[in-house]
Amino acid sequence: MADIDPSASPGNRRRPWAVAVVALVLFVGAGALVIAAIPHQRSGAQGSKFTVSSILPGDHSGGHRPALEVQMTVDSLQAVSGGIDARLMVIPGDALPPEGATLFTSIGSSPTLVVRPGQLDQERTVFLSFDSGDVVDYPFDSYRTTVQMIAVAGTDTSFAHLTSRQVLPLSIEGTNSAAGSVVTATARTAPDEVLSVTVNVRRTAVSRAWVLAMMAIYWGLALLAASITFLVVRRRRPMETRLLAWLSAMVFALIAFRTAAPGAPPVGTYLDYYAVFESVGIVAASLIALMILYLVSRDEEVVGTEKGCGS
């Protein structure tokens with residue numbers, strides 16, 4: 001069958017470049033929209049370790065030796081579940097009294113940990129629920145959880161007469177093992193000598209950069225597909241049946257490409273609202289437009305049908 005030759009006038013030969021310029025402008029506009037919609041989050045230094053020390057009652061120098069050393073290891077970020085998986089290990093410090101000590105925490109799965117001189121270190125697996133943060137902001141989501149701790153002399157795990165027992169100094173050392181996240185911590189001692197440790201978790205800069213690159217890829221492919229469809233519908237490019245196969249494959253490829261997002265975020269995040277949904281919709285609309293054009297076009301207007309079937 002004969003091809004549909006585009007007009008040979010110089011003006012028509014220049015118009016595809018104008019379409020490319022419009023596509024570029026739309027791409028820049030989409031990028032500006034994505035950047036303008038970035039959720040505002042608190043910045044912080046990246047690092048894999050954090051150290052927090054409590055203050056001895058009546059002392060604000062922080063120079064006393066700890067009675068208990070708490071090691072907190074963040075294993076994984078469970079953004080969908082709303083918390084982090086962590087491990088707590090309590091080690092006797094230099095100032096541990098002979099009668100031992102008890103660590104009281106606000107963690108529901110590990111409210112108390114008893115430490116005695118000469119005993120093996122205790123380690124507990126805990127789940128720390130977030131006080132703030134939402135995975136909808138992915139990849140610019142950040143989370144905060146607060147754990148309250150107090151160490152007292154003696155091994156009695158009851159809360160009775162807790163205020164009459166000697167409060168012991170603590171030191172807390174944290175390690176981050178959660179891939180793709182940055183963990184920092186701050187602490188303050190309340191008037192009742194309870195230590196409040198605030199743990200902040202956010203995505204690494206590399207993870208955020210890759211998600212932004214994915215969003216650029218989504219918008220680039222979608223706008224180029226729409227530009228090609230526009231040229232075909234306006235008869236400035238020939239209609240070929242292979243375009244239908246290409247756009248059909250692209251719809252499913254864009255959906256599958258989302259699995260490359262770090263951390264396996266759920267559907268319905270910032271990534272989806274500002275890139276995935278729009279790009280899949282644009283490509284699907286382009287496919288529908290070409291399918292309608294194929295149905296209403298005459299046989300001689302379709303190029304490559306017989307060739308594609310015979311190859």
# chains A, B, ... in the order shown; residues from 1 in each chain; ligands from 1
>>> residues_around(residues="A:Phe104", least_positions_apart="3", cutoff="6 Å", atoms="only C-alpha atoms", output="JSON list (two decimals) with N, CA, C and O atoms, in the first residue's frame")
[["chain", "number", "residue", "atom", "x", "y", "z"],
["A", 111, "PRO", "N", 9.08, -2.92, 77.91],
["A", 111, "PRO", "CA", 8.93, -1.83, 78.88],
["A", 111, "PRO", "C", 10.06, -1.77, 79.90],
["A", 111, "PRO", "O", 10.36, -0.69, 80.41],
["A", 112, "THR", "N", 10.68, -2.91, 80.19],
["A", 112, "THR", "CA", 11.76, -2.93, 81.18],
["A", 112, "THR", "C", 12.88, -3.85, 80.70],
["A", 112, "THR", "O", 12.63, -4.86, 80.04],
["A", 149, "MET", "N", 13.10, 6.97, 78.26],
["A", 149, "MET", "CA", 13.88, 6.01, 79.04],
["A", 149, "MET", "C", 14.28, 6.62, 80.38],
["A", 149, "MET", "O", 14.50, 7.83, 80.47],
["A", 150, "ILE", "N", 14.39, 5.75, 81.36],
["A", 150, "ILE", "CA", 14.92, 6.15, 82.66],
["A", 150, "ILE", "C", 15.54, 4.90, 83.30],
["A", 150, "ILE", "O", 14.96, 3.81, 83.25]]
>>> residues_around(residues="A:Ala253", least_positions_apart="5", cutoff="12 Å", atoms="only C-alpha atoms", output="list in words")
Ile217, Tyr218, Leu221, Ala222, Trp246, Leu247, Ser248, Arg258, Thr259, Ala260, Val276, Ser279, Val280, Val283 and Ala284 of chain A
>>> closest_residue(among="A:Thr157, A:Ala245, A:Thr229, A:Leu290", to="A:Pro16", atoms="only C-alpha atoms")
A:Thr229
>>> residues_around(residues="A:Ala95", least_positions_apart="2", cutoff="10 Å", atoms="only C-alpha atoms", output="PyMOL selection string")
chain A and resi 64-68+92-93+97-98+168-170
>>> select_by_dssp(residues="stretch 6-218 of chain A", states="strand (DSSP E)", output="number ranges by chain")
A: 49-53, 68-78, 83-92, 101-105, 112-115, 122-129, 142-153, 167-168, 170-176, 181-189, 195-203
>>> residues_around(residues="A:Ile38", least_positions_apart="6", cutoff="12 Å", atoms="only C-alpha atoms", output="PyMOL selection string")
chain A and resi 31-32+136-141+208+212+269-271+273-274
>>> write_last_selection(atoms="all heavy atoms", output="compact mmCIF listing (two decimals), in the first residue's frame")
# COMPACT_ATOMS: atom_id res chain seq x y z
N GLY A 31 8.62 19.62 34.91
CA GLY A 31 9.69 19.60 35.90
C GLY A 31 9.52 20.70 36.94
O GLY A 31 9.76 20.48 38.13
N ALA A 32 9.10 21.89 36.48
CA ALA A 32 8.87 22.98 37.43
C ALA A 32 7.72 22.66 38.39
O ALA A 32 7.78 22.97 39.58
CB ALA A 32 8.56 24.27 36.67
N VAL A 136 2.93 9.11 51.99
CA VAL A 136 2.39 9.78 50.81
C VAL A 136 3.40 10.78 50.25
O VAL A 136 3.42 11.06 49.04
CB VAL A 136 1.06 10.47 51.14
CG1 VAL A 136 0.55 11.30 49.97
CG2 VAL A 136 0.02 9.42 51.51
N ASP A 137 4.27 11.33 51.09
CA ASP A 137 5.26 12.31 50.64
C ASP A 137 6.48 11.67 49.97
O ASP A 137 7.42 12.39 49.62
CB ASP A 137 5.74 13.16 51.81
CG ASP A 137 4.64 14.01 52.39
OD1 ASP A 137 3.70 14.34 51.65
OD2 ASP A 137 4.71 14.34 53.58
N TYR A 138 6.49 10.35 49.81
CA TYR A 138 7.63 9.65 49.22
C TYR A 138 8.03 10.30 47.89
O TYR A 138 7.16 10.59 47.05
CB TYR A 138 7.27 8.19 48.98
CG TYR A 138 8.33 7.39 48.28
CD1 TYR A 138 9.31 6.73 48.99
CD2 TYR A 138 8.35 7.31 46.89
CE1 TYR A 138 10.29 6.00 48.33
CE2 TYR A 138 9.33 6.58 46.24
CZ TYR A 138 10.29 5.93 46.96
OH TYR A 138 11.27 5.22 46.30
N PRO A 139 9.33 10.53 47.62
CA PRO A 139 10.52 10.16 48.40
C PRO A 139 10.98 11.25 49.37
O PRO A 139 12.08 11.17 49.90
CB PRO A 139 11.56 9.97 47.31
CG PRO A 139 11.23 11.04 46.31
CD PRO A 139 9.72 11.10 46.30
N PHE A 140 10.17 12.27 49.59
CA PHE A 140 10.54 13.35 50.49
C PHE A 140 9.87 13.18 51.85
O PHE A 140 9.66 14.16 52.56
CB PHE A 140 10.18 14.70 49.86
CG PHE A 140 10.88 14.94 48.55
CD1 PHE A 140 10.24 14.66 47.35
CD2 PHE A 140 12.17 15.40 48.51
CE1 PHE A 140 10.88 14.85 46.14
CE2 PHE A 140 12.82 15.60 47.31
CZ PHE A 140 12.17 15.32 46.12
N ASP A 141 9.54 11.95 52.18
CA ASP A 141 8.92 11.68 53.47
C ASP A 141 9.99 11.62 54.56
O ASP A 141 11.11 11.17 54.34
CB ASP A 141 8.14 10.36 53.43
CG ASP A 141 8.96 9.23 52.81
OD1 ASP A 141 9.93 9.53 52.08
OD2 ASP A 141 8.65 8.07 53.07
N ARG A 208 16.37 9.97 46.82
CA ARG A 208 15.54 11.06 46.31
C ARG A 208 15.92 11.43 44.88
O ARG A 208 15.04 11.67 44.04
CB ARG A 208 15.67 12.28 47.22
CG ARG A 208 15.15 12.05 48.63
CD ARG A 208 15.25 13.32 49.47
NE ARG A 208 14.67 13.16 50.79
CZ ARG A 208 14.54 14.12 51.68
NH1 ARG A 208 14.96 15.34 51.39
NH2 ARG A 208 14.00 13.87 52.86
N LEU A 212 13.50 11.26 41.51
CA LEU A 212 13.32 12.42 40.63
C LEU A 212 13.71 12.09 39.20
O LEU A 212 13.06 12.54 38.24
CB LEU A 212 14.14 13.61 41.15
CG LEU A 212 13.63 14.26 42.45
CD1 LEU A 212 14.59 15.36 42.89
CD2 LEU A 212 12.23 14.83 42.26
N THR A 269 1.54 7.75 46.20
CA THR A 269 2.51 8.65 46.79
C THR A 269 2.74 9.85 45.88
O THR A 269 2.15 9.97 44.80
CB THR A 269 3.84 7.92 47.04
OG1 THR A 269 4.40 7.52 45.78
CG2 THR A 269 3.63 6.70 47.92
N TYR A 270 3.63 10.74 46.32
CA TYR A 270 4.02 11.90 45.52
C TYR A 270 4.53 11.48 44.15
O TYR A 270 4.25 12.14 43.15
CB TYR A 270 5.09 12.66 46.31
CG TYR A 270 5.81 13.75 45.56
CD1 TYR A 270 5.23 15.00 45.36
CD2 TYR A 270 7.10 13.54 45.06
CE1 TYR A 270 5.90 16.00 44.68
CE2 TYR A 270 7.77 14.53 44.39
CZ TYR A 270 7.17 15.76 44.20
OH TYR A 270 7.85 16.73 43.53
N LEU A 271 5.28 10.40 44.09
CA LEU A 271 5.76 9.87 42.82
C LEU A 271 4.62 9.55 41.87
O LEU A 271 4.69 9.86 40.67
CB LEU A 271 6.60 8.61 43.08
CG LEU A 271 6.94 7.72 41.88
CD1 LEU A 271 7.84 8.47 40.90
CD2 LEU A 271 7.61 6.44 42.34
N TYR A 273 1.32 10.68 42.06
CA TYR A 273 0.44 11.81 41.76
C TYR A 273 1.06 12.80 40.78
O TYR A 273 0.34 13.50 40.07
CB TYR A 273 0.06 12.52 43.05
CG TYR A 273 -0.88 11.73 43.93
CD1 TYR A 273 -0.64 11.61 45.29
CD2 TYR A 273 -1.99 11.08 43.40
CE1 TYR A 273 -1.49 10.88 46.11
CE2 TYR A 273 -2.84 10.35 44.21
CZ TYR A 273 -2.58 10.24 45.56
OH TYR A 273 -3.42 9.51 46.35
N TYR A 274 2.38 12.88 40.75
CA TYR A 274 3.03 13.90 39.92
C TYR A 274 3.85 13.32 38.78
O TYR A 274 4.57 14.07 38.14
CB TYR A 274 3.90 14.80 40.80
CG TYR A 274 3.09 15.71 41.69
CD1 TYR A 274 2.80 15.34 42.99
CD2 TYR A 274 2.57 16.91 41.21
CE1 TYR A 274 2.03 16.14 43.81
CE2 TYR A 274 1.80 17.73 42.02
CZ TYR A 274 1.54 17.34 43.31
OH TYR A 274 0.77 18.15 44.13
>>> select_by_dssp(residues="stretch 69-309 of chain A", states="alpha helix (DSSP H)", output="PyMOL selection string")
chain A and resi 205-233+242-257+270-271+277-296+305-309
>>> atom_distance(atom1="atom CA of A:Val147", atom2="atom CA of A:Thr186")
10.7 Å
>>> closest_residue(among="A:Val232, A:Met72, A:Ile282, A:Leu254", to="A:Lys49", atoms="only C-alpha atoms")
A:Met72
>>> atom_distance(atom1="atom CA of A:Ser297", atom2="atom CA of A:Gly220")
28.7 Å
>>> atom_distance(atom1="atom CA of A:Ala205", atom2="atom CA of A:Asp272")
19.2 Å
